[in-house]
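A.B. asks: input.pdb (PDB, C-alpha atoms) pasted underneath:
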```pdb
ATOM      1  CA  MET B   1     163.046  68.403 110.100
ATOM      2  CA  ALA B   2     161.297  70.447 112.781
ATOM      3  CA  ASP B   3     157.990  68.576 112.314
ATOM      4  CA  SER B   4     159.463  65.102 112.808
ATOM      5  CA  ASP B   5     158.683  63.124 115.977
ATOM      6  CA  ASP B   6     162.184  61.655 115.926
ATOM      7  CA  PRO B   7     164.461  63.943 118.035
ATOM      8  CA  SER B   8     167.502  62.814 116.052
ATOM      9  CA  CYS B   9     166.007  64.441 112.937
ATOM     10  CA  ASN B  10     166.402  67.830 114.613
ATOM     11  CA  GLN B  11     170.126  67.385 115.155
ATOM     12  CA  VAL B  12     172.837  68.998 113.036
ATOM     13  CA  ILE B  13     176.397  67.673 113.023
ATOM     14  CA  ILE B  14     179.094  70.356 112.904
ATOM     15  CA  ILE B  15     182.678  69.212 112.338
ATOM     16  CA  GLY B  16     185.253  71.370 114.109
ATOM     17  CA  ALA B  17     185.017  73.689 117.112
ATOM     18  CA  GLY B  18     186.857  76.583 115.498
ATOM     19  CA  PRO B  19     185.304  80.064 115.084
ATOM     20  CA  ALA B  20     183.185  78.974 112.099
ATOM     21  CA  GLY B  21     181.896  75.818 113.786
ATOM     22  CA  LEU B  22     181.131  77.540 117.095
ATOM     23  CA  THR B  23     179.408  80.414 115.273
ATOM     24  CA  ALA B  24     177.254  77.995 113.289
ATOM     25  CA  ALA B  25     176.292  76.134 116.487
ATOM     26  CA  PHE B  26     175.446  79.350 118.312
ATOM     27  CA  GLU B  27     173.281  80.622 115.455
ATOM     28  CA  LEU B  28     171.399  77.309 115.266
ATOM     29  CA  VAL B  29     170.733  77.331 119.018
ATOM     30  CA  THR B  30     169.555  80.935 119.140
ATOM     31  CA  ARG B  31     167.687  81.192 115.823
ATOM     32  CA  THR B  32     166.219  77.734 115.151
ATOM     33  CA  ASN B  33     164.841  74.690 116.962
ATOM     34  CA  LEU B  34     167.709  72.542 115.674
ATOM     35  CA  LYS B  35     170.183  70.951 118.093
ATOM     36  CA  PRO B  36     173.806  71.258 116.949
ATOM     37  CA  ILE B  37     176.335  68.591 117.900
ATOM     38  CA  VAL B  38     179.904  69.886 117.499
ATOM     39  CA  LEU B  39     182.577  67.261 116.865
ATOM     40  CA  GLU B  40     186.136  68.312 117.728
ATOM     41  CA  ALA B  41     189.188  66.054 117.335
ATOM     42  CA  THR B  42     191.169  67.760 120.114
ATOM     43  CA  ASP B  43     190.370  68.584 123.741
ATOM     44  CA  CYS B  44     190.353  72.341 122.982
ATOM     45  CA  VAL B  45     187.969  74.694 121.228
ATOM     46  CA  GLY B  46     188.983  77.593 118.996
ATOM     47  CA  GLY B  47     190.722  75.715 116.192
ATOM     48  CA  ILE B  48     193.943  77.296 114.959
ATOM     49  CA  SER B  49     192.626  80.652 116.217
ATOM     50  CA  ARG B  50     192.817  79.593 119.859
ATOM     51  CA  THR B  51     195.246  80.751 122.523
ATOM     52  CA  THR B  52     197.149  77.877 124.116
ATOM     53  CA  VAL B  53     199.297  77.817 127.236
ATOM     54  CA  HIS B  54     202.768  76.257 127.032
ATOM     55  CA  ASN B  55     205.151  76.356 129.993
ATOM     56  CA  GLY B  56     203.178  79.242 131.450
ATOM     57  CA  ASN B  57     203.280  81.265 128.220
ATOM     58  CA  ARG B  58     200.102  82.174 126.334
ATOM     59  CA  ILE B  59     200.551  81.626 122.593
ATOM     60  CA  ASP B  60     198.147  82.602 119.801
ATOM     61  CA  LEU B  61     198.448  79.788 117.275
ATOM     62  CA  GLY B  62     196.872  81.670 114.406
ATOM     63  CA  GLY B  63     196.852  85.321 115.361
ATOM     64  CA  HIS B  64     193.758  85.548 113.151
ATOM     65  CA  ARG B  65     192.160  88.740 111.924
ATOM     66  CA  PHE B  66     188.426  89.249 112.221
ATOM     67  CA  PHE B  67     187.455  91.153 109.106
ATOM     68  CA  SER B  68     184.344  91.243 106.947
ATOM     69  CA  LYS B  69     182.714  93.592 104.453
ATOM     70  CA  SER B  70     179.409  92.634 106.079
ATOM     71  CA  ASP B  71     178.257  95.035 108.801
ATOM     72  CA  ARG B  72     176.147  92.209 110.267
ATOM     73  CA  VAL B  73     179.171  89.938 110.686
ATOM     74  CA  MET B  74     181.286  92.688 112.254
ATOM     75  CA  ALA B  75     178.444  93.641 114.622
ATOM     76  CA  TRP B  76     177.995  89.976 115.582
ATOM     77  CA  TRP B  77     181.616  89.628 116.623
ATOM     78  CA  GLN B  78     181.581  92.923 118.510
ATOM     79  CA  ARG B  79     178.604  91.652 120.505
ATOM     80  CA  MET B  80     180.520  88.501 121.409
ATOM     81  CA  MET B  81     183.836  90.252 122.022
ATOM     82  CA  PRO B  82     183.512  94.041 122.438
ATOM     83  CA  LEU B  83     186.282  96.119 120.916
ATOM     84  CA  GLN B  84     188.933  97.113 123.433
ATOM     85  CA  GLY B  85     188.699 100.597 124.846
ATOM     86  CA  THR B  86     190.149 103.346 122.669
ATOM     87  CA  ASP B  87     189.914 107.103 122.476
ATOM     88  CA  ALA B  88     186.292 107.834 121.527
ATOM     89  CA  ASN B  89     187.543 110.337 118.955
ATOM     90  CA  ASP B  90     189.789 107.797 117.231
ATOM     91  CA  SER B  91     188.726 105.564 114.384
ATOM     92  CA  ILE B  92     190.271 102.145 113.803
ATOM     93  CA  GLY B  93     191.280 101.211 110.274
ATOM     94  CA  LEU B  94     191.177  97.505 109.390
ATOM     95  CA  LYS B  95     192.870  96.206 106.246
ATOM     96  CA  TYR B  96     192.849  92.697 104.811
ATOM     97  CA  GLN B  97     193.834  91.405 101.351
ATOM     98  CA  GLY B  98     193.458  94.782  99.663
ATOM     99  CA  GLN B  99     190.178  95.606 101.399
ATOM    100  CA  ALA B 100     189.639  98.137 104.160
ATOM    101  CA  ARG B 101     186.989  99.407 106.518
ATOM    102  CA  THR B 102     186.816 101.805 109.471
ATOM    103  CA  ILE B 103     185.328 101.272 112.931
ATOM    104  CA  ASP B 104     184.628 104.173 115.275
ATOM    105  CA  GLY B 105     186.542 104.145 118.547
ATOM    106  CA  ASP B 106     184.781 103.409 121.837
ATOM    107  CA  GLY B 107     185.983 105.118 124.969
ATOM    108  CA  ASN B 108     183.876 102.750 127.087
ATOM    109  CA  GLY B 109     185.276  99.527 125.649
ATOM    110  CA  PRO B 110     186.690  96.846 127.987
ATOM    111  CA  ASP B 111     190.267  96.901 129.220
ATOM    112  CA  PRO B 112     192.233  93.850 127.974
ATOM    113  CA  GLU B 113     194.358  94.023 131.129
ATOM    114  CA  THR B 114     191.337  93.197 133.297
ATOM    115  CA  THR B 115     189.104  91.020 131.093
ATOM    116  CA  GLU B 116     189.513  88.285 128.513
ATOM    117  CA  ASN B 117     186.203  88.915 126.737
ATOM    118  CA  VAL B 118     187.607  91.616 124.491
ATOM    119  CA  MET B 119     188.531  92.037 120.828
ATOM    120  CA  LEU B 120     192.136  93.207 120.719
ATOM    121  CA  VAL B 121     193.350  95.839 118.275
ATOM    122  CA  ARG B 122     196.912  95.214 117.181
ATOM    123  CA  GLN B 123     199.249  96.117 114.351
ATOM    124  CA  ARG B 124     200.098  92.882 112.574
ATOM    125  CA  LYS B 125     202.820  91.885 110.163
ATOM    126  CA  SER B 126     202.956  88.308 108.894
ATOM    127  CA  ARG B 127     206.186  86.984 107.400
ATOM    128  CA  ILE B 128     207.551  83.661 106.181
ATOM    129  CA  TYR B 129     211.111  82.599 107.019
ATOM    130  CA  PHE B 130     212.519  80.871 103.936
ATOM    131  CA  LEU B 131     216.034  80.482 102.482
ATOM    132  CA  GLY B 132     217.375  82.374 105.483
ATOM    133  CA  LYS B 133     215.248  85.412 104.587
ATOM    134  CA  LEU B 134     211.934  86.923 105.703
ATOM    135  CA  PHE B 135     209.170  87.330 103.103
ATOM    136  CA  ASN B 136     205.989  89.324 103.637
ATOM    137  CA  TYR B 137     202.804  87.250 103.813
ATOM    138  CA  PRO B 138     200.494  87.243 101.926
ATOM    139  CA  LEU B 139     203.096  87.110  99.175
ATOM    140  CA  SER B 140     203.306  89.981  96.722
ATOM    141  CA  LEU B 141     205.353  90.572  93.603
ATOM    142  CA  SER B 142     207.629  93.145  95.193
ATOM    143  CA  ALA B 143     211.293  93.951  94.707
ATOM    144  CA  THR B 144     212.027  92.333  98.074
ATOM    145  CA  THR B 145     210.344  89.084  97.017
ATOM    146  CA  VAL B 146     212.149  88.983  93.664
ATOM    147  CA  LYS B 147     215.517  89.697  95.292
ATOM    148  CA  GLY B 148     214.939  87.095  98.004
ATOM    149  CA  LEU B 149     213.936  84.308  95.629
ATOM    150  CA  GLY B 150     216.439  85.115  92.891
ATOM    151  CA  MET B 151     215.849  85.422  89.159
ATOM    152  CA  VAL B 152     216.188  81.683  88.381
ATOM    153  CA  ARG B 153     213.523  80.657  90.887
ATOM    154  CA  MET B 154     211.311  83.621  89.923
ATOM    155  CA  THR B 155     211.503  82.570  86.261
ATOM    156  CA  ARG B 156     210.414  79.031  87.159
ATOM    157  CA  ILE B 157     207.558  80.437  89.243
ATOM    158  CA  ALA B 158     206.409  82.688  86.377
ATOM    159  CA  ILE B 159     206.448  79.837  83.836
ATOM    160  CA  SER B 160     204.635  77.531  86.259
ATOM    161  CA  TYR B 161     201.995  80.181  86.989
ATOM    162  CA  LEU B 162     201.409  80.742  83.265
ATOM    163  CA  ARG B 163     201.034  76.993  82.714
ATOM    164  CA  SER B 164     198.484  76.711  85.550
ATOM    165  CA  SER B 165     196.553  79.696  84.193
ATOM    166  CA  LEU B 166     196.313  78.155  80.721
ATOM    167  CA  TRP B 167     195.804  74.527  81.768
ATOM    168  CA  PRO B 168     194.285  74.452  85.280
ATOM    169  CA  ILE B 169     193.566  71.210  87.101
ATOM    170  CA  ARG B 170     189.955  70.181  86.569
ATOM    171  CA  PRO B 171     188.117  69.264  88.660
ATOM    172  CA  GLU B 172     189.645  70.688  91.839
ATOM    173  CA  ASN B 173     189.335  67.671  94.113
ATOM    174  CA  HIS B 174     191.824  68.753  96.775
ATOM    175  CA  LEU B 175     193.078  71.901  98.468
ATOM    176  CA  GLU B 176     196.390  71.226  96.729
ATOM    177  CA  ASP B 177     194.647  71.529  93.329
ATOM    178  CA  PHE B 178     193.175  74.870  94.428
ATOM    179  CA  PHE B 179     196.582  76.328  95.365
ATOM    180  CA  ILE B 180     198.303  75.042  92.233
ATOM    181  CA  ASN B 181     195.595  76.559  90.015
ATOM    182  CA  ARG B 182     195.863  79.929  91.778
ATOM    183  CA  PHE B 183     199.633  80.204  92.215
ATOM    184  CA  GLY B 184     201.273  77.622  89.958
ATOM    185  CA  ARG B 185     202.940  74.372  90.988
ATOM    186  CA  GLU B 186     206.398  75.904  91.542
ATOM    187  CA  LEU B 187     205.194  78.594  93.969
ATOM    188  CA  TYR B 188     203.007  76.024  95.704
ATOM    189  CA  ARG B 189     206.008  73.736  96.209
ATOM    190  CA  THR B 190     208.208  76.647  97.275
ATOM    191  CA  PHE B 191     205.942  78.093  99.968
ATOM    192  CA  PHE B 192     202.461  76.749 100.466
ATOM    193  CA  ASN B 193     203.118  73.013 100.641
ATOM    194  CA  VAL B 194     205.504  73.254 103.604
ATOM    195  CA  LEU B 195     203.595  76.150 105.192
ATOM    196  CA  TYR B 196     200.272  74.346 105.294
ATOM    197  CA  ARG B 197     201.793  71.018 106.277
ATOM    198  CA  LYS B 198     203.212  72.768 109.349
ATOM    199  CA  SER B 199     200.095  74.812 110.169
ATOM    200  CA  LEU B 200     197.522  72.072 109.462
ATOM    201  CA  GLY B 201     199.643  69.215 110.737
ATOM    202  CA  GLY B 202     199.416  66.971 107.682
ATOM    203  CA  SER B 203     199.284  66.626 103.947
ATOM    204  CA  LEU B 204     196.953  68.706 101.785
TER     205      LEU B 204
END
```
What would you get if you wrote out this structure as C-alpha coordinates?
C.D. replies:
Amino acid sequence: MADSDDPSCNQVIIIGAGPAGLTAAFELVTRTNLKPIVLEATDCVGGISRTTVHNGNRIDLGGHRFFSKSDRVMAWWQRMMPLQGTDANDSIGLKYQGQARTIDGDGNGPDPETTENVMLVRQRKSRIYFLGKLFNYPLSLSATTVKGLGMVRMTRIAISYLRSSLWPIRPENHLEDFFINRFGRELYRTFFNVLYRKSLGGSL
(Lines of atoms letter the chains of each structure in order from A and count residues from 1; the text may use other names and numbers.)
(Lines give C-alpha, C1' and ligand atoms only; values in the text may rest on other atoms or scores of the structure.)
Protein backbone atom coordinates (compact mmCIF):
# COMPACT_ATOMS: atom_id res chain seq x y z
CA MET A 1 0.00 0.00 0.00
CA ALA A 2 2.75 2.46 0.91
CA ASP A 3 4.56 1.95 -2.42
CA SER A 4 1.55 2.73 -4.61
CA ASP A 5 1.43 5.98 -6.61
CA ASP A 6 -2.32 6.19 -6.04
CA PRO A 7 -2.92 8.26 -2.84
CA SER A 8 -6.24 6.51 -2.28
CA CYS A 9 -4.36 3.23 -1.76
CA ASN A 10 -2.82 4.70 1.39
CA GLN A 11 -6.18 5.45 2.96
CA VAL A 12 -7.81 3.37 5.69
CA ILE A 13 -11.54 3.62 6.42
CA ILE A 14 -12.45 3.46 10.11
CA ILE A 15 -16.14 3.15 10.98
CA GLY A 16 -17.09 4.91 14.21
CA ALA A 17 -15.46 7.74 16.15
CA GLY A 18 -15.65 6.04 19.54
CA PRO A 19 -12.56 5.33 21.68
CA ALA A 20 -11.54 2.32 19.57
CA GLY A 21 -11.95 4.14 16.25
CA LEU A 22 -10.15 7.29 17.41
CA THR A 23 -7.34 5.20 18.92
CA ALA A 24 -6.90 3.27 15.68
CA ALA A 25 -6.80 6.53 13.68
CA PHE A 26 -4.28 8.10 16.03
CA GLU A 27 -1.99 5.07 15.91
CA LEU A 28 -2.12 5.00 12.10
CA VAL A 29 -1.26 8.70 11.88
CA THR A 30 1.62 8.54 14.34
CA ARG A 31 3.10 5.12 13.49
CA THR A 32 2.51 4.60 9.76
CA ASN A 33 2.24 6.53 6.49
CA LEU A 34 -1.41 5.52 6.12
CA LYS A 35 -4.16 8.16 6.12
CA PRO A 36 -7.18 7.18 8.24
CA ILE A 37 -10.64 8.42 7.30
CA VAL A 38 -13.04 8.11 10.26
CA LEU A 39 -16.73 7.78 9.39
CA GLU A 40 -19.15 8.75 12.17
CA ALA A 41 -22.95 8.65 11.82
CA THR A 42 -23.55 11.41 14.39
CA ASP A 43 -22.17 14.94 14.78
CA CYS A 44 -20.26 13.94 17.95
CA VAL A 45 -17.14 11.92 18.67
CA GLY A 46 -16.68 9.57 21.60
CA GLY A 47 -19.34 6.98 20.83
CA ILE A 48 -21.36 5.81 23.82
CA SER A 49 -18.40 6.78 26.03
CA ARG A 50 -18.84 10.49 25.33
CA THR A 51 -20.11 13.19 27.66
CA THR A 52 -23.10 15.05 26.25
CA VAL A 53 -24.73 18.28 27.40
CA HIS A 54 -28.51 18.34 27.87
CA ASN A 55 -30.27 21.41 29.28
CA GLY A 56 -26.98 22.58 30.76
CA ASN A 57 -26.26 19.23 32.45
CA ARG A 58 -23.23 17.14 31.51
CA ILE A 59 -24.17 13.47 31.17
CA ASP A 60 -21.83 10.50 30.67
CA LEU A 61 -23.73 8.18 28.36
CA GLY A 62 -21.63 5.12 29.06
CA GLY A 63 -19.65 5.84 32.19
CA HIS A 64 -17.06 3.47 30.71
CA ARG A 65 -14.14 1.97 32.57
CA PHE A 66 -10.67 2.05 31.07
CA PHE A 67 -9.10 -1.23 32.09
CA SER A 68 -6.56 -3.54 30.49
CA LYS A 69 -4.14 -6.26 31.57
CA SER A 70 -1.70 -4.74 29.08
CA ASP A 71 0.73 -2.23 30.61
CA ARG A 72 1.18 -0.70 27.14
CA VAL A 73 -2.55 0.01 26.79
CA MET A 74 -2.81 1.51 30.28
CA ALA A 75 0.29 3.67 29.68
CA TRP A 76 -1.16 4.83 26.35
CA TRP A 77 -4.34 6.07 27.97
CA GLN A 78 -2.47 7.74 30.81
CA ARG A 79 -0.44 9.66 28.24
CA MET A 80 -3.63 10.86 26.57
CA MET A 81 -5.51 11.52 29.81
CA PRO A 82 -3.24 11.68 32.88
CA LEU A 83 -4.64 10.17 36.06
CA GLN A 84 -6.19 12.75 38.36
CA GLY A 85 -4.08 13.92 41.25
CA THR A 86 -4.06 11.65 44.29
CA ASP A 87 -1.93 11.21 47.37
CA ALA A 88 1.47 10.04 46.07
CA ASN A 89 1.50 7.38 48.79
CA ASP A 90 -1.86 5.93 47.74
CA SER A 91 -2.32 3.18 45.20
CA ILE A 92 -5.45 2.89 43.07
CA GLY A 93 -7.06 -0.51 42.70
CA LEU A 94 -8.96 -1.16 39.46
CA LYS A 95 -11.31 -4.13 39.15
CA TYR A 96 -13.22 -5.34 36.10
CA GLN A 97 -14.98 -8.66 35.41
CA GLY A 98 -13.04 -10.57 38.05
CA GLN A 99 -9.69 -9.06 37.09
CA ALA A 100 -7.71 -6.49 39.05
CA ARG A 101 -4.62 -4.36 38.82
CA THR A 102 -3.01 -1.57 40.86
CA ILE A 103 -1.76 1.84 39.73
CA ASP A 104 0.52 3.95 41.91
CA GLY A 105 -0.88 7.31 42.97
CA ASP A 106 0.49 10.55 41.52
CA GLY A 107 0.58 13.62 43.69
CA ASN A 108 1.31 15.78 40.64
CA GLY A 109 -1.66 14.62 38.58
CA PRO A 110 -4.07 17.19 37.09
CA ASP A 111 -7.00 18.59 39.04
CA PRO A 112 -10.35 17.64 37.42
CA GLU A 113 -11.84 20.88 38.77
CA THR A 114 -9.52 22.95 36.55
CA THR A 115 -8.92 20.78 33.47
CA GLU A 116 -10.87 18.40 31.27
CA ASN A 117 -7.86 16.43 30.04
CA VAL A 118 -7.83 14.08 33.01
CA MET A 119 -8.67 10.45 33.74
CA LEU A 120 -11.15 10.45 36.62
CA VAL A 121 -11.00 7.90 39.43
CA ARG A 122 -14.44 7.03 40.72
CA GLN A 123 -16.18 4.27 42.62
CA ARG A 124 -18.71 2.74 40.25
CA LYS A 125 -21.73 0.54 40.75
CA SER A 126 -23.79 -0.49 37.74
CA ARG A 127 -27.34 -1.74 38.25
CA ILE A 128 -30.32 -2.67 36.09
CA TYR A 129 -33.84 -1.60 37.06
CA PHE A 130 -36.17 -4.49 36.23
CA LEU A 131 -39.47 -5.74 37.69
CA GLY A 132 -39.41 -2.80 40.09
CA LYS A 133 -36.09 -3.99 41.55
CA LEU A 134 -32.40 -3.14 41.14
CA PHE A 135 -30.03 -5.90 39.97
CA ASN A 136 -26.25 -5.65 40.03
CA TYR A 137 -24.60 -5.50 36.61
CA PRO A 138 -22.77 -7.49 35.35
CA LEU A 139 -25.27 -10.10 36.51
CA SER A 140 -24.14 -12.71 39.00
CA LEU A 141 -25.82 -15.76 40.48
CA SER A 142 -26.30 -14.23 43.91
CA ALA A 143 -29.04 -14.58 46.49
CA THR A 144 -30.25 -11.08 45.59
CA THR A 145 -30.58 -12.02 41.91
CA VAL A 146 -32.43 -15.26 42.67
CA LYS A 147 -34.80 -13.52 45.08
CA GLY A 148 -35.45 -10.68 42.63
CA LEU A 149 -36.22 -12.92 39.67
CA GLY A 150 -38.14 -15.57 41.58
CA MET A 151 -37.76 -19.34 41.43
CA VAL A 152 -40.05 -19.86 38.39
CA ARG A 153 -38.12 -17.43 36.20
CA MET A 154 -34.77 -18.69 37.55
CA THR A 155 -35.75 -22.27 36.65
CA ARG A 156 -36.59 -21.20 33.09
CA ILE A 157 -33.27 -19.35 32.86
CA ALA A 158 -31.34 -22.41 34.10
CA ILE A 159 -33.04 -24.76 31.61
CA SER A 160 -32.51 -22.29 28.77
CA TYR A 161 -28.83 -21.86 29.68
CA LEU A 162 -28.32 -25.64 29.74
CA ARG A 163 -29.99 -25.97 26.34
CA SER A 164 -27.75 -23.25 24.85
CA SER A 165 -24.66 -24.88 26.35
CA LEU A 166 -25.51 -28.26 24.81
CA TRP A 167 -26.88 -27.01 21.48
CA PRO A 168 -25.36 -23.58 20.73
CA ILE A 169 -26.29 -21.59 17.64
CA ARG A 170 -23.78 -22.24 14.86
CA PRO A 171 -22.53 -20.19 13.18
CA GLU A 172 -22.86 -17.03 15.28
CA ASN A 173 -23.98 -14.59 12.61
CA HIS A 174 -25.35 -11.88 14.91
CA LEU A 175 -24.66 -10.33 18.30
CA GLU A 176 -27.96 -11.86 19.40
CA ASP A 177 -26.57 -15.35 18.65
CA PHE A 178 -23.51 -14.54 20.76
CA PHE A 179 -25.58 -13.53 23.81
CA ILE A 180 -27.95 -16.49 23.52
CA ASN A 181 -25.03 -18.93 23.34
CA ARG A 182 -23.38 -17.37 26.40
CA PHE A 183 -26.41 -16.77 28.62
CA GLY A 184 -29.32 -18.77 27.20
CA ARG A 185 -32.34 -17.46 25.33
CA GLU A 186 -34.46 -16.83 28.45
CA LEU A 187 -31.85 -14.64 30.19
CA TYR A 188 -31.19 -12.86 26.91
CA ARG A 189 -34.89 -12.06 26.53
CA THR A 190 -35.18 -11.07 30.19
CA PHE A 191 -32.30 -8.59 30.32
CA PHE A 192 -29.99 -8.18 27.38
CA ASN A 193 -32.47 -7.74 24.54
CA VAL A 194 -34.16 -4.68 26.07
CA LEU A 195 -30.91 -3.38 27.59
CA TYR A 196 -29.01 -3.33 24.32
CA ARG A 197 -31.95 -2.06 22.30
CA LYS A 198 -32.02 0.96 24.63
CA SER A 199 -28.25 1.49 24.77
CA LEU A 200 -27.53 0.84 21.07
CA GLY A 201 -30.72 2.39 19.77
CA GLY A 202 -31.92 -0.52 17.65
CA SER A 203 -32.26 -4.23 17.18
CA LEU A 204 -29.36 -6.63 17.68
A.B. asks: Which residues, named as in the file, does the PyMOL selection byres ((chain B and resi 24-36) around 7) pick out? Answer as a PyMOL selection string.
C.D. replies: chain B and resi 2+10-14+20-23+37-38
A.B. asks: Quick one: which residues end up in the PyMOL selection byres ((chain B and resi 47) around 9) for this structure, as an NGL selection string?
C.D. replies: :B and (16-19 or 40 or 42 or 44-46 or 48-50 or 61-62)
A.B. asks: Hey, what's within 6 Å of Gly184 (chain B) if we count only C-alpha atoms and toss same-chain stuff fewer than 5 positions away? As a PyMOL selection string, please?
C.D. replies: chain B and resi 160-161+164
A.B. asks: Report, in Å to a single decimal, how far apart CA of Arg122 (chain B) and CA of Pro82 (chain B) are.
C.D. replies: 14.4 Å
A.B. asks: To test your reading of the syntax: which residues would the PyMOL selection byres ((chain B and resi 129) around 12) return for the file shown? Reply as a PyMOL selection string.
C.D. replies: chain B and resi 126-128+130-137+145+148-149+190-191+194-195
A.B. asks: How many Å lie between CA of Leu120 (chain B) and CA of Ser70 (chain B), rounded to one decimal?
C.D. replies: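 Computing it gives 19.4 Å between the two atoms.
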A.B. asks: Using all atoms listed in the file, find the one residue out of B:Gln123, B:Phe183, B:Leu83, B:Leu94 that sits nearest to Ser140 (chain B).
C.D. replies: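 Using all atoms listed in the file, the shortest distance to Ser140 (chain B) belongs to B:Phe183.
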A.B. asks: Using Å and a single decimal, report how far CA of Asn117 (chain B) sits from CA of Met80 (chain B).
C.D. replies: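 So the two atoms, CA of Met80 (chain B) and CA of Asn117 (chain B), lie 7.8 Å apart.
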